[in-house]
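What follows is target.cif (mmCIF, C-alpha atoms).
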data_query
#
loop_
_atom_site.label_atom_id
_atom_site.label_comp_id
_atom_site.auth_asym_id
_atom_site.auth_seq_id
_atom_site.Cartn_x
_atom_site.Cartn_y
_atom_site.Cartn_z
CA MET A 408 52.62 37.91 -53.25
CA ARG A 409 49.26 39.02 -51.93
CA SER A 410 48.14 35.39 -51.80
CA LYS A 411 51.19 34.45 -49.74
CA ASN A 412 50.58 37.29 -47.29
CA LEU A 413 46.96 36.26 -46.91
CA LYS A 414 47.96 32.64 -46.29
CA PHE A 415 50.56 33.75 -43.72
CA ARG A 416 48.02 35.91 -41.91
CA LEU A 417 45.55 33.04 -41.95
CA LEU A 418 48.11 30.68 -40.39
CA ILE A 419 48.89 33.23 -37.67
CA GLY A 420 45.19 33.68 -37.02
CA VAL A 421 44.66 29.93 -36.71
CA ALA A 422 47.64 29.66 -34.35
CA ILE A 423 46.26 32.42 -32.12
CA ALA A 424 42.82 30.82 -32.12
CA LEU A 425 44.24 27.40 -31.20
CA PHE A 426 46.24 28.96 -28.38
CA PHE A 427 43.12 30.45 -26.80
CA VAL A 428 41.12 27.24 -27.35
CA PHE A 429 43.77 25.16 -25.57
CA LYS A 430 44.08 27.79 -22.87
CA ARG A 431 40.34 27.69 -22.27
CA CYS A 432 40.37 23.88 -22.07
CA SER A 433 43.15 24.03 -19.45
CA GLN A 434 41.10 26.47 -17.37
CA ARG A 435 38.04 24.24 -17.11
CA GLU A 436 37.35 23.17 -13.52
CA GLU A 437 34.48 21.96 -11.38
CA ASN A 438 33.02 24.41 -8.91
CA PRO A 439 33.21 22.50 -5.59
CA TYR A 440 30.09 24.25 -4.26
CA THR A 441 27.77 23.88 -7.26
CA GLY A 442 29.29 20.92 -9.10
CA ARG A 443 29.17 22.87 -12.38
CA MET A 444 32.10 22.89 -14.82
CA GLN A 445 33.36 26.42 -15.46
CA THR A 446 36.15 28.28 -17.22
CA ILE A 447 38.09 30.07 -14.47
CA SER A 448 41.35 31.95 -14.95
CA MET A 449 41.95 33.16 -11.38
CA GLY A 450 42.07 31.92 -7.82
CA ALA A 451 39.84 32.88 -4.90
CA ASP A 452 42.49 35.29 -3.55
CA GLU A 453 42.43 37.18 -6.85
CA GLU A 454 38.63 37.32 -6.79
CA ILE A 455 38.70 38.74 -3.27
CA ALA A 456 41.34 41.31 -4.23
CA ILE A 457 39.34 42.47 -7.27
CA GLY A 458 36.20 42.84 -5.16
CA LEU A 459 37.92 44.81 -2.41
CA GLN A 460 39.64 47.07 -4.94
CA SER A 461 36.41 47.76 -6.84
CA ALA A 462 34.06 48.18 -3.84
CA PRO A 463 34.80 51.87 -3.01
CA GLN A 464 34.26 52.95 -6.62
CA MET A 465 31.02 50.97 -6.88
CA ALA A 466 29.75 52.56 -3.68
CA GLN A 467 30.66 56.03 -4.91
CA GLN A 468 28.70 55.48 -8.12
CA HIS A 469 25.59 54.90 -6.02
CA GLY A 470 25.89 57.87 -3.70
CA GLY A 471 28.07 56.18 -1.10
CA LEU A 472 26.93 54.08 1.84
CA HIS A 473 23.57 54.76 3.49
CA PRO A 474 23.99 56.66 6.79
CA ASN A 475 21.28 54.77 8.71
CA THR A 476 23.19 52.35 10.95
CA GLN A 477 20.04 50.42 11.92
CA TYR A 478 19.27 49.64 8.29
CA GLN A 479 22.87 48.61 7.71
CA ALA A 480 22.80 46.39 10.81
CA LEU A 481 19.70 44.62 9.45
CA VAL A 482 21.43 44.01 6.12
CA ASP A 483 24.50 42.68 7.95
CA ASN A 484 22.45 40.41 10.21
CA VAL A 485 20.42 38.88 7.40
CA GLY A 486 23.43 38.44 5.14
CA ASN A 487 25.57 36.84 7.84
CA LYS A 488 22.71 34.54 8.86
CA LEU A 489 22.46 33.28 5.29
CA VAL A 490 26.21 32.70 5.08
CA ASN A 491 26.59 31.04 8.46
CA ASN A 492 23.76 28.57 7.85
CA SER A 493 24.80 27.45 4.37
CA ILE A 494 27.68 26.09 2.33
CA ALA A 495 28.76 29.71 1.77
CA ARG A 496 30.46 29.52 5.17
CA GLN A 497 32.83 26.87 3.78
CA THR A 498 34.05 29.07 0.93
CA PRO A 499 37.23 31.20 1.19
CA TYR A 500 35.31 34.37 0.34
CA LYS A 501 35.03 37.36 2.69
CA TYR A 502 31.36 38.27 2.61
CA GLU A 503 30.55 41.89 3.38
CA PHE A 504 27.15 43.52 2.91
CA HIS A 505 26.68 47.17 2.00
CA LEU A 506 23.53 49.31 1.93
CA LEU A 507 23.98 52.03 -0.68
CA ALA A 508 22.41 55.49 -0.41
CA ASP A 509 21.12 55.46 -4.01
CA PRO A 510 17.40 56.38 -3.77
CA ASN A 511 16.57 55.84 -7.43
CA THR A 512 18.27 52.72 -8.80
CA ILE A 513 16.42 49.56 -7.81
CA ASN A 514 19.28 47.09 -7.78
CA ALA A 515 21.52 44.70 -5.89
CA PHE A 516 24.81 43.24 -7.10
CA ALA A 517 27.86 41.28 -6.03
CA LEU A 518 31.53 41.76 -6.82
CA PRO A 519 33.96 38.84 -6.99
CA GLY A 520 35.09 37.54 -3.63
CA GLY A 521 32.12 38.49 -1.47
CA GLN A 522 31.41 42.24 -1.65
CA ILE A 523 27.60 42.49 -1.85
CA PHE A 524 25.52 45.64 -2.34
CA ILE A 525 21.86 46.61 -2.21
CA THR A 526 20.56 50.08 -3.00
CA HIS A 527 18.21 51.88 -0.64
CA ALA A 528 15.81 52.22 -3.58
CA LEU A 529 15.37 48.43 -3.57
CA PHE A 530 15.72 48.04 0.21
CA SER A 531 12.87 50.52 0.79
CA LYS A 532 10.50 48.53 -1.44
CA LEU A 533 11.03 45.21 0.36
CA GLU A 534 8.10 44.24 2.56
CA ASN A 535 9.83 42.02 5.12
CA GLU A 536 13.09 40.44 6.27
CA ASP A 537 12.46 37.33 4.19
CA GLN A 538 12.45 39.38 1.00
CA LEU A 539 15.74 40.97 2.04
CA ALA A 540 17.07 37.44 2.57
CA GLY A 541 15.91 36.58 -0.95
CA VAL A 542 17.86 39.48 -2.45
CA LEU A 543 21.03 38.83 -0.45
CA GLY A 544 20.80 35.06 -0.92
CA HIS A 545 20.68 35.57 -4.67
CA GLU A 546 23.80 37.77 -4.55
CA ILE A 547 25.66 35.28 -2.34
CA GLY A 548 24.82 32.77 -5.05
CA HIS A 549 26.67 34.89 -7.61
CA VAL A 550 29.79 34.92 -5.41
CA LEU A 551 29.69 31.22 -4.61
CA GLY A 552 28.90 30.43 -8.24
CA ARG A 553 32.04 32.37 -9.26
CA HIS A 554 30.04 34.08 -11.99
CA SER A 555 32.23 37.18 -12.25
CA ALA A 556 35.41 35.10 -12.50
CA GLU A 557 33.77 32.97 -15.18
CA ARG A 558 32.68 36.04 -17.17
CA ILE A 559 36.23 37.42 -17.03
CA ALA A 560 37.71 34.16 -18.31
CA GLU A 561 35.10 33.82 -21.05
CA SER A 562 35.63 37.44 -22.11
CA GLU A 563 39.37 36.81 -22.40
CA TYR A 564 38.63 33.77 -24.57
CA TRP A 565 36.27 35.57 -26.96
CA GLN A 566 38.57 38.58 -27.20
CA GLY A 567 41.37 36.20 -28.12
CA LEU A 568 39.26 34.61 -30.87
CA ALA A 569 38.29 38.07 -32.12
CA THR A 570 41.98 38.95 -32.35
CA ALA A 571 42.67 35.73 -34.24
CA GLY A 572 39.80 36.48 -36.62
CA SER A 573 40.97 40.03 -37.32
CA VAL A 574 44.53 38.82 -38.02
CA GLY A 575 43.54 35.89 -40.21
CA ALA A 576 40.85 37.68 -42.20
CA ASP A 577 38.15 40.30 -41.84
CA MET A 578 36.17 38.15 -39.38
CA GLY A 579 36.76 39.94 -36.10
CA GLY A 580 33.30 41.48 -35.95
CA LEU A 581 31.62 38.14 -36.60
CA VAL A 582 33.56 36.35 -33.85
CA SER A 583 33.00 39.22 -31.43
CA GLY A 584 29.27 39.02 -32.09
CA ILE A 585 29.20 35.31 -31.33
CA GLY A 586 31.07 35.94 -28.08
CA GLN A 587 28.69 38.66 -26.97
CA ASN A 588 25.65 36.49 -27.56
CA THR A 589 27.25 33.64 -25.64
CA LEU A 590 28.01 35.90 -22.70
CA LEU A 591 24.42 37.15 -22.64
CA THR A 592 23.07 33.60 -22.60
CA ASN A 593 25.41 32.56 -19.82
CA GLY A 594 24.43 35.66 -17.89
CA ARG A 595 20.81 34.53 -17.83
CA ASP A 596 21.92 31.09 -16.68
CA ASP A 597 23.88 32.74 -13.87
CA GLU A 598 20.77 34.57 -12.68
CA LEU A 599 18.73 31.37 -12.62
CA GLU A 600 21.50 29.49 -10.80
CA SER A 601 21.72 32.28 -8.22
CA ASP A 602 17.95 32.21 -7.71
CA GLU A 603 18.12 28.47 -7.03
CA LEU A 604 21.05 28.88 -4.65
CA GLY A 605 19.18 31.70 -2.93
CA VAL A 606 16.23 29.39 -2.30
CA LYS A 607 18.59 26.84 -0.71
CA PHE A 608 20.23 29.49 1.48
CA MET A 609 16.86 30.84 2.62
CA LEU A 610 15.58 27.41 3.61
CA LYS A 611 18.80 26.63 5.51
CA ALA A 612 18.54 29.92 7.42
CA GLY A 613 14.85 29.51 8.25
CA TYR A 614 13.46 32.09 5.84
CA ASN A 615 10.37 31.62 3.66
CA PRO A 616 11.70 31.14 0.10
CA ARG A 617 8.35 32.08 -1.41
CA GLU A 618 9.15 35.66 -0.48
CA MET A 619 11.72 35.61 -3.28
CA ILE A 620 8.74 35.55 -5.62
CA GLY A 621 7.63 38.79 -3.98
CA VAL A 622 11.01 40.27 -4.87
CA MET A 623 10.50 39.26 -8.49
CA GLU A 624 7.12 41.02 -8.47
CA ILE A 625 8.83 44.17 -7.15
CA LEU A 626 11.43 44.01 -9.93
CA LYS A 627 8.73 43.36 -12.52
CA ALA A 628 6.70 46.36 -11.34
CA ALA A 629 9.80 48.56 -11.29
CA ALA A 630 10.64 47.63 -14.89
CA GLY A 631 7.17 48.66 -16.00
CA PRO A 632 5.25 47.55 -19.10
CA ASN A 633 8.08 48.55 -21.44
CA ARG A 634 10.76 46.34 -19.88
CA VAL A 635 13.51 45.05 -22.16
CA PRO A 636 12.59 41.75 -23.87
CA GLU A 637 14.42 38.76 -22.43
CA MET A 638 16.36 38.07 -25.63
CA GLN A 639 17.92 41.56 -25.39
CA SER A 640 18.68 41.38 -21.69
CA THR A 641 21.33 39.73 -19.53
CA HIS A 642 18.56 38.82 -17.06
CA PRO A 643 15.74 36.32 -17.49
CA ASP A 644 12.23 37.73 -17.53
CA PRO A 645 10.78 37.96 -13.98
CA ASP A 646 7.92 35.62 -14.91
CA ASN A 647 10.40 32.95 -16.02
CA ARG A 648 12.41 33.46 -12.83
CA ILE A 649 9.27 33.01 -10.72
CA GLU A 650 8.57 29.70 -12.46
CA LYS A 651 12.12 28.48 -11.77
CA ILE A 652 11.99 29.68 -8.16
CA GLU A 653 8.79 27.70 -7.58
CA GLU A 654 10.49 24.62 -9.03
CA ALA A 655 13.48 25.13 -6.72
CA ILE A 656 11.20 25.46 -3.69
CA GLU A 657 9.55 22.14 -4.51
CA LYS A 658 12.96 20.57 -5.12
CA TYR A 659 14.60 21.59 -1.85
CA LYS A 660 11.81 21.93 0.70
CA ILE A 661 11.63 18.11 1.18
CA GLN A 662 15.35 17.77 1.87
#

Conversion result in C-alpha coordinates:
Amino acid sequence: MRSKNLKFRLLIGVAIALFFVFKRCSQREENPYTGRMQTISMGADEEIAIGLQSAPQMAQQHGGLHPNTQYQALVDNVGNKLVNNSIARQTPYKYEFHLLADPNTINAFALPGGQIFITHALFSKLENEDQLAGVLGHEIGHVLGRHSAERIAESEYWQGLATAGSVGADMGGLVSGIGQNTLLTNGRDDELESDELGVKFMLKAGYNPREMIGVMEILKAAAGPNRVPEMQSTHPDPDNRIEKIEEAIEKYKIQ
(Lines of atoms letter the chains of each structure in order from A and count residues from 1; the text may use other names and numbers.)
(Lines give C-alpha, C1' and ligand atoms only; values in the text may rest on other atoms or scores of the structure.)
Protein backbone atom coordinates (compact mmCIF):
# COMPACT_ATOMS: atom_id res chain seq x y z
CA MET A 1 0.00 0.00 0.00
CA ARG A 2 2.81 2.35 0.93
CA SER A 3 4.56 1.50 -2.34
CA LYS A 4 1.43 2.36 -4.33
CA ASN A 5 1.06 5.70 -2.54
CA LEU A 6 4.69 6.53 -3.21
CA LYS A 7 4.30 5.64 -6.90
CA PHE A 8 1.14 7.76 -7.13
CA ARG A 9 2.87 10.73 -5.51
CA LEU A 10 5.81 10.29 -7.86
CA LEU A 11 3.51 10.33 -10.90
CA ILE A 12 1.81 13.49 -9.66
CA GLY A 13 5.18 15.09 -9.05
CA VAL A 14 6.36 14.23 -12.56
CA ALA A 15 3.12 15.60 -14.03
CA ILE A 16 3.54 18.89 -12.15
CA ALA A 17 7.17 19.13 -13.23
CA LEU A 18 6.30 18.50 -16.89
CA PHE A 19 3.58 21.14 -16.72
CA PHE A 20 6.03 23.80 -15.58
CA VAL A 21 8.67 22.67 -18.10
CA PHE A 22 6.20 22.98 -20.99
CA LYS A 23 4.93 26.27 -19.60
CA ARG A 24 8.47 27.64 -19.49
CA CYS A 25 9.12 26.53 -23.07
CA SER A 26 5.96 28.33 -24.22
CA GLN A 27 7.11 31.52 -22.51
CA ARG A 28 10.45 31.71 -24.31
CA GLU A 29 10.70 34.78 -26.54
CA GLU A 30 13.33 36.99 -28.12
CA ASN A 31 13.85 40.40 -26.60
CA PRO A 32 13.45 42.75 -29.62
CA TYR A 33 15.91 45.27 -28.14
CA THR A 34 18.74 42.94 -27.10
CA GLY A 35 18.15 39.91 -29.32
CA ARG A 36 18.47 37.61 -26.30
CA MET A 37 16.05 34.71 -25.71
CA GLN A 38 14.27 35.03 -22.37
CA THR A 39 11.53 33.41 -20.32
CA ILE A 40 8.83 36.08 -19.92
CA SER A 41 5.40 35.53 -18.38
CA MET A 42 3.97 39.06 -18.66
CA GLY A 43 3.49 41.86 -21.14
CA ALA A 44 4.95 45.37 -21.08
CA ASP A 45 1.70 46.80 -19.66
CA GLU A 46 1.97 44.44 -16.69
CA GLU A 47 5.60 45.41 -16.14
CA ILE A 48 4.65 49.09 -16.15
CA ALA A 49 1.78 48.48 -13.73
CA ILE A 50 4.02 46.56 -11.30
CA GLY A 51 6.62 49.33 -11.38
CA LEU A 52 4.10 52.11 -10.78
CA GLN A 53 2.45 50.17 -7.97
CA SER A 54 5.76 49.41 -6.25
CA ALA A 55 7.43 52.83 -6.70
CA PRO A 56 5.87 54.66 -3.70
CA GLN A 57 6.81 51.87 -1.30
CA MET A 58 10.37 51.70 -2.65
CA ALA A 59 10.74 55.46 -2.23
CA GLN A 60 9.41 55.29 1.32
CA GLN A 61 11.96 52.62 2.23
CA HIS A 62 14.72 55.07 1.28
CA GLY A 63 13.46 58.12 3.12
CA GLY A 64 11.22 59.42 0.34
CA LEU A 65 12.22 61.65 -2.55
CA HIS A 66 15.05 64.16 -2.14
CA PRO A 67 13.71 67.72 -1.67
CA ASN A 68 16.36 69.45 -3.81
CA THR A 69 14.59 70.24 -7.09
CA GLN A 70 17.84 71.20 -8.86
CA TYR A 71 19.35 67.80 -8.15
CA GLN A 72 16.17 66.09 -9.29
CA ALA A 73 16.13 68.18 -12.48
CA LEU A 74 19.70 67.06 -13.25
CA VAL A 75 18.72 63.42 -12.78
CA ASP A 76 15.68 63.93 -15.04
CA ASN A 77 17.70 65.69 -17.73
CA VAL A 78 20.45 63.08 -17.87
CA GLY A 79 18.01 60.17 -17.77
CA ASN A 80 15.79 61.61 -20.50
CA LYS A 81 18.81 62.42 -22.67
CA LEU A 82 19.91 58.79 -22.48
CA VAL A 83 16.43 57.54 -23.36
CA ASN A 84 15.80 59.98 -26.19
CA ASN A 85 19.10 59.24 -27.92
CA SER A 86 18.91 55.44 -27.78
CA ILE A 87 16.75 52.46 -28.61
CA ALA A 88 15.11 52.93 -25.19
CA ARG A 89 12.91 55.57 -26.82
CA GLN A 90 11.37 52.86 -29.02
CA THR A 91 10.26 50.73 -26.08
CA PRO A 92 6.74 50.95 -24.58
CA TYR A 93 8.14 51.69 -21.12
CA LYS A 94 7.43 54.90 -19.21
CA TYR A 95 10.82 55.99 -17.92
CA GLU A 96 10.78 58.10 -14.77
CA PHE A 97 13.83 59.00 -12.70
CA HIS A 98 13.75 59.52 -8.94
CA LEU A 99 16.40 60.90 -6.58
CA LEU A 100 15.89 59.34 -3.16
CA ALA A 101 16.71 61.11 0.11
CA ASP A 102 18.58 58.11 1.57
CA PRO A 103 21.96 59.51 2.76
CA ASN A 104 23.50 56.17 3.71
CA THR A 105 22.69 53.48 1.14
CA ILE A 106 24.91 53.74 -1.93
CA ASN A 107 22.61 52.26 -4.54
CA ALA A 108 20.57 52.67 -7.70
CA PHE A 109 17.88 50.31 -8.98
CA ALA A 110 15.12 49.92 -11.53
CA LEU A 111 11.62 48.53 -11.22
CA PRO A 112 9.85 46.82 -14.13
CA GLY A 113 8.43 49.19 -16.71
CA GLY A 114 10.75 52.17 -16.29
CA GLN A 115 10.76 53.43 -12.68
CA ILE A 116 14.42 54.21 -11.94
CA PHE A 117 15.91 55.30 -8.61
CA ILE A 118 19.24 56.59 -7.34
CA THR A 119 19.97 57.34 -3.70
CA HIS A 120 21.49 60.65 -2.64
CA ALA A 121 24.26 58.63 -0.97
CA LEU A 122 25.41 57.46 -4.41
CA PHE A 123 24.49 60.70 -6.21
CA SER A 124 26.67 62.73 -3.82
CA LYS A 125 29.72 60.55 -4.55
CA LEU A 126 29.53 60.96 -8.33
CA GLU A 127 32.16 63.31 -9.71
CA ASN A 128 30.48 64.50 -12.90
CA GLU A 129 27.43 64.27 -15.16
CA ASP A 130 28.99 61.46 -17.18
CA GLN A 131 29.16 59.24 -14.11
CA LEU A 132 25.50 59.98 -13.41
CA ALA A 133 24.79 58.96 -17.01
CA GLY A 134 26.69 55.72 -16.36
CA VAL A 135 24.50 54.89 -13.36
CA LEU A 136 21.22 55.76 -15.07
CA GLY A 137 22.24 54.11 -18.35
CA HIS A 138 22.91 50.89 -16.47
CA GLU A 139 19.46 51.03 -14.84
CA ILE A 140 17.75 51.78 -18.18
CA GLY A 141 19.51 48.64 -19.39
CA HIS A 142 17.76 46.60 -16.70
CA VAL A 143 14.37 47.89 -17.85
CA LEU A 144 15.02 47.40 -21.55
CA GLY A 145 16.57 44.00 -20.84
CA ARG A 146 13.34 43.00 -19.03
CA HIS A 147 15.42 41.55 -16.22
CA SER A 148 12.75 41.85 -13.51
CA ALA A 149 10.13 40.20 -15.70
CA GLU A 150 12.58 37.41 -16.48
CA ARG A 151 13.39 36.88 -12.79
CA ILE A 152 9.67 36.66 -11.98
CA ALA A 153 9.08 34.05 -14.68
CA GLU A 154 12.15 32.03 -13.68
CA SER A 155 11.12 32.17 -10.01
CA GLU A 156 7.68 30.83 -10.91
CA TYR A 157 9.35 27.99 -12.82
CA TRP A 158 11.70 26.96 -10.01
CA GLN A 159 8.95 27.23 -7.41
CA GLY A 160 6.86 24.94 -9.59
CA LEU A 161 9.67 22.39 -9.79
CA ALA A 162 10.17 22.63 -6.02
CA THR A 163 6.47 21.87 -5.55
CA ALA A 164 6.75 18.90 -7.90
CA GLY A 165 9.79 17.64 -6.00
CA SER A 166 8.10 17.94 -2.61
CA VAL A 167 5.02 16.07 -3.87
CA GLY A 168 6.91 13.30 -5.65
CA ALA A 169 9.51 12.71 -2.95
CA ASP A 170 11.56 14.55 -0.35
CA MET A 171 13.45 16.52 -3.02
CA GLY A 172 11.98 19.98 -2.65
CA GLY A 173 15.00 21.44 -0.89
CA LEU A 174 17.37 20.11 -3.53
CA VAL A 175 15.36 21.56 -6.42
CA SER A 176 14.94 24.87 -4.61
CA GLY A 177 18.70 25.06 -4.12
CA ILE A 178 19.34 24.51 -7.81
CA GLY A 179 16.85 27.26 -8.65
CA GLN A 180 18.44 29.74 -6.28
CA ASN A 181 21.90 29.17 -7.71
CA THR A 182 20.56 29.59 -11.23
CA LEU A 183 18.88 32.86 -10.33
CA LEU A 184 22.10 34.16 -8.79
CA THR A 185 24.08 33.31 -11.92
CA ASN A 186 21.53 34.96 -14.18
CA GLY A 187 21.56 37.99 -11.92
CA ARG A 188 25.26 38.49 -12.56
CA ASP A 189 24.65 38.13 -16.29
CA ASP A 190 21.95 40.80 -16.04
CA GLU A 191 24.40 43.22 -14.43
CA LEU A 192 26.97 42.66 -17.17
CA GLU A 193 24.34 43.05 -19.89
CA SER A 194 23.15 46.29 -18.31
CA ASP A 195 26.72 47.60 -18.13
CA GLU A 196 27.15 46.92 -21.84
CA LEU A 197 23.83 48.56 -22.69
CA GLY A 198 24.80 51.51 -20.51
CA VAL A 199 27.98 51.98 -22.53
CA LYS A 200 25.92 52.03 -25.74
CA PHE A 201 23.45 54.55 -24.30
CA MET A 202 26.25 56.82 -23.09
CA LEU A 203 27.96 56.85 -26.47
CA LYS A 204 24.67 57.59 -28.27
CA ALA A 205 23.96 60.50 -25.91
CA GLY A 206 27.47 61.97 -26.17
CA TYR A 207 28.74 60.96 -22.74
CA ASN A 208 32.19 59.52 -22.01
CA PRO A 209 31.61 55.81 -21.28
CA ARG A 210 34.93 55.52 -19.47
CA GLU A 211 33.32 57.40 -16.61
CA MET A 212 31.32 54.23 -15.91
CA ILE A 213 34.62 52.76 -14.76
CA GLY A 214 34.79 55.61 -12.25
CA VAL A 215 31.39 54.52 -10.95
CA MET A 216 32.71 50.99 -10.48
CA GLU A 217 35.64 52.38 -8.48
CA ILE A 218 33.16 54.26 -6.26
CA LEU A 219 31.15 51.07 -5.68
CA LYS A 220 34.33 49.11 -5.00
CA ALA A 221 35.52 51.66 -2.43
CA ALA A 222 32.10 51.74 -0.79
CA ALA A 223 32.08 47.95 -0.41
CA GLY A 224 35.43 48.08 1.35
CA PRO A 225 38.03 45.32 1.70
CA ASN A 226 35.51 42.87 3.16
CA ARG A 227 33.07 42.93 0.24
CA VAL A 228 31.06 39.78 -0.42
CA PRO A 229 32.87 37.32 -2.72
CA GLU A 230 31.42 37.20 -6.23
CA MET A 231 30.23 33.60 -5.90
CA GLN A 232 28.02 34.64 -2.95
CA SER A 233 26.68 37.78 -4.58
CA THR A 234 24.06 38.58 -7.20
CA HIS A 235 26.48 41.17 -8.64
CA PRO A 236 29.77 40.58 -10.46
CA ASP A 237 32.89 41.82 -8.74
CA PRO A 238 33.63 45.47 -9.67
CA ASP A 239 37.00 44.49 -11.15
CA ASN A 240 35.30 42.01 -13.49
CA ARG A 241 32.72 44.63 -14.43
CA ILE A 242 35.47 47.12 -15.27
CA GLU A 243 37.08 44.58 -17.59
CA LYS A 244 33.77 43.98 -19.39
CA ILE A 245 33.04 47.71 -19.60
CA GLU A 246 36.40 48.30 -21.26
CA GLU A 247 35.60 45.55 -23.76
CA ALA A 248 32.21 47.14 -24.50
CA ILE A 249 33.83 50.55 -25.05
CA GLU A 250 36.21 49.05 -27.62
CA LYS A 251 33.31 47.18 -29.23
CA TYR A 252 30.97 50.13 -29.70
CA LYS A 253 33.16 53.21 -30.01
CA ILE A 254 33.98 52.40 -33.68
CA GLN A 255 30.32 52.06 -34.68

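Each of A:Leu506, A:Leu599, A:Leu518, A:Leu533 was compared to A:Ser555 using only C-alpha atoms, and A:Leu518 turns out to be the nearest.
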
Find the residues around A:Gly442 up to 12 Å (all atoms listed in the file counted), leave out those fewer than 5 positions away in its own chain, and share them as a PDB file with C-alpha atoms, in the coordinates of the input.
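As a result, result-v1.pdb now contains:
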ATOM      1  CA  GLU A 436      37.350  23.170 -13.520  1.00  0.00           C
ATOM      2  CA  GLU A 437      34.480  21.960 -11.380  1.00  0.00           C
ATOM      3  CA  LEU A 551      29.690  31.220  -4.610  1.00  0.00           C
ATOM      4  CA  GLY A 552      28.900  30.430  -8.240  1.00  0.00           C
ATOM      5  CA  ARG A 553      32.040  32.370  -9.260  1.00  0.00           C
ATOM      6  CA  GLU A 600      21.500  29.490 -10.800  1.00  0.00           C
TER       7      GLU A 600
END

task: Pick out the closest residue to A:Ala556 from this set: A:Ala466, A:Leu539, A:Val606, A:Ala517. Count only C-alpha atoms.
output: A:Ala517

message: Give me, as a ChimeraX atom specification, all polymer residues having an atom no more than 12 Å from A:Ile523, counting only C-alpha atoms and skipping those fewer than 3 positions away in the same chain.
response: /A:455,458-459,461-463,465-466,482-483,486-487,500-507,514-520,526,542-551

Just-selected residues, C-alpha atoms written as a PDB file, in the coordinates of the input:
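What follows is the written file part24.pdb:
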ATOM      1  CA  ILE A 455      38.700  38.740  -3.270  1.00  0.00           C
ATOM      2  CA  GLY A 458      36.200  42.840  -5.160  1.00  0.00           C
ATOM      3  CA  LEU A 459      37.920  44.810  -2.410  1.00  0.00           C
ATOM      4  CA  SER A 461      36.410  47.760  -6.840  1.00  0.00           C
ATOM      5  CA  ALA A 462      34.060  48.180  -3.840  1.00  0.00           C
ATOM      6  CA  PRO A 463      34.800  51.870  -3.010  1.00  0.00           C
ATOM      7  CA  MET A 465      31.020  50.970  -6.880  1.00  0.00           C
ATOM      8  CA  ALA A 466      29.750  52.560  -3.680  1.00  0.00           C
ATOM      9  CA  VAL A 482      21.430  44.010   6.120  1.00  0.00           C
ATOM     10  CA  ASP A 483      24.500  42.680   7.950  1.00  0.00           C
ATOM     11  CA  GLY A 486      23.430  38.440   5.140  1.00  0.00           C
ATOM     12  CA  ASN A 487      25.570  36.840   7.840  1.00  0.00           C
ATOM     13  CA  TYR A 500      35.310  34.370   0.340  1.00  0.00           C
ATOM     14  CA  LYS A 501      35.030  37.360   2.690  1.00  0.00           C
ATOM     15  CA  TYR A 502      31.360  38.270   2.610  1.00  0.00           C
ATOM     16  CA  GLU A 503      30.550  41.890   3.380  1.00  0.00           C
ATOM     17  CA  PHE A 504      27.150  43.520   2.910  1.00  0.00           C
ATOM     18  CA  HIS A 505      26.680  47.170   2.000  1.00  0.00           C
ATOM     19  CA  LEU A 506      23.530  49.310   1.930  1.00  0.00           C
ATOM     20  CA  LEU A 507      23.980  52.030  -0.680  1.00  0.00           C
ATOM     21  CA  ASN A 514      19.280  47.090  -7.780  1.00  0.00           C
ATOM     22  CA  ALA A 515      21.520  44.700  -5.890  1.00  0.00           C
ATOM     23  CA  PHE A 516      24.810  43.240  -7.100  1.00  0.00           C
ATOM     24  CA  ALA A 517      27.860  41.280  -6.030  1.00  0.00           C
ATOM     25  CA  LEU A 518      31.530  41.760  -6.820  1.00  0.00           C
ATOM     26  CA  PRO A 519      33.960  38.840  -6.990  1.00  0.00           C
ATOM     27  CA  GLY A 520      35.090  37.540  -3.630  1.00  0.00           C
ATOM     28  CA  THR A 526      20.560  50.080  -3.000  1.00  0.00           C
ATOM     29  CA  VAL A 542      17.860  39.480  -2.450  1.00  0.00           C
ATOM     30  CA  LEU A 543      21.030  38.830  -0.450  1.00  0.00           C
ATOM     31  CA  GLY A 544      20.800  35.060  -0.920  1.00  0.00           C
ATOM     32  CA  HIS A 545      20.680  35.570  -4.670  1.00  0.00           C
ATOM     33  CA  GLU A 546      23.800  37.770  -4.550  1.00  0.00           C
ATOM     34  CA  ILE A 547      25.660  35.280  -2.340  1.00  0.00           C
ATOM     35  CA  GLY A 548      24.820  32.770  -5.050  1.00  0.00           C
ATOM     36  CA  HIS A 549      26.670  34.890  -7.610  1.00  0.00           C
ATOM     37  CA  VAL A 550      29.790  34.920  -5.410  1.00  0.00           C
ATOM     38  CA  LEU A 551      29.690  31.220  -4.610  1.00  0.00           C
TER      39      LEU A 551
END

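Put simply, atom CA of A:Gln467 is 23.1 Å away from atom CA of A:Ala629.
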
field: Between atom CA of A:His554 and atom CA of A:Gly450 - distance in Å to one decimal
entry: 12.9 Å

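With only C-alpha atoms as the basis for measurement, A:Pro645 is the residue among A:Pro439, A:Gly470, A:Pro616, A:Pro645 that approaches A:Glu598 most closely.
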
message: Residues within 9 Å of A:Leu610, please, as a PyMOL selection string. Count all atoms listed in the file; anything in the same chain fewer than 5 positions from it doesn't count.
response: chain A and resi 605+615-616+656+659-660

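Counting from atom CA of A:Gln538, the distance to atom CA of A:Val622 is 6.1 Å.
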
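Applied to the file shown here, the PyMOL selection byres ((chain A and resi 611-613) around 6) selects the residues Leu489, Asn492, Phe608, Met609, Leu610 and Tyr614 of chain A.
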
Just to be explicit: take each residue in the selection above, keep C-alpha atoms, and write the result as a short mmCIF file (atom, residue, chain, number, x, y, z; two decimals), in the coordinates of the input.
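Below is the file that was written, result35.cif:
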data_model
loop_
_atom_site.label_atom_id
_atom_site.label_comp_id
_atom_site.auth_asym_id
_atom_site.auth_seq_id
_atom_site.Cartn_x
_atom_site.Cartn_y
_atom_site.Cartn_z
CA LEU A 489 22.46 33.28 5.29
CA ASN A 492 23.76 28.57 7.85
CA PHE A 608 20.23 29.49 1.48
CA MET A 609 16.86 30.84 2.62
CA LEU A 610 15.58 27.41 3.61
CA TYR A 614 13.46 32.09 5.84
#

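Remark: for A:Asn484, the closest of the candidate residues A:Ser448, A:Ala560, A:Ala540, A:Arg435 is A:Ala540 (distances computed over all atoms listed in the file).
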
Output check: residues returned by the PyMOL selection byres ((chain A and resi 528) around 6), as an MDAnalysis selection string: chainID A and resid 510:513 526:527 529:531

Restricting it to C-alpha atoms, dump the selection as a PDB file, in the frame of the given file.
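Generated file (again01.pdb):
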ATOM      1  CA  PRO A 510      17.400  56.380  -3.770  1.00  0.00           C
ATOM      2  CA  ASN A 511      16.570  55.840  -7.430  1.00  0.00           C
ATOM      3  CA  THR A 512      18.270  52.720  -8.800  1.00  0.00           C
ATOM      4  CA  ILE A 513      16.420  49.560  -7.810  1.00  0.00           C
ATOM      5  CA  THR A 526      20.560  50.080  -3.000  1.00  0.00           C
ATOM      6  CA  HIS A 527      18.210  51.880  -0.640  1.00  0.00           C
ATOM      7  CA  LEU A 529      15.370  48.430  -3.570  1.00  0.00           C
ATOM      8  CA  PHE A 530      15.720  48.040   0.210  1.00  0.00           C
ATOM      9  CA  SER A 531      12.870  50.520   0.790  1.00  0.00           C
TER      10      SER A 531
END

- request: Step by step, work through what the PyMOL selection byres ((chain A and resi 652) around 10) selects in the shown file, and finish by giving those residues as a ChimeraX atom specification.
  value: /A:599-600,602-606,616-617,619-620,623,646-651,653-658
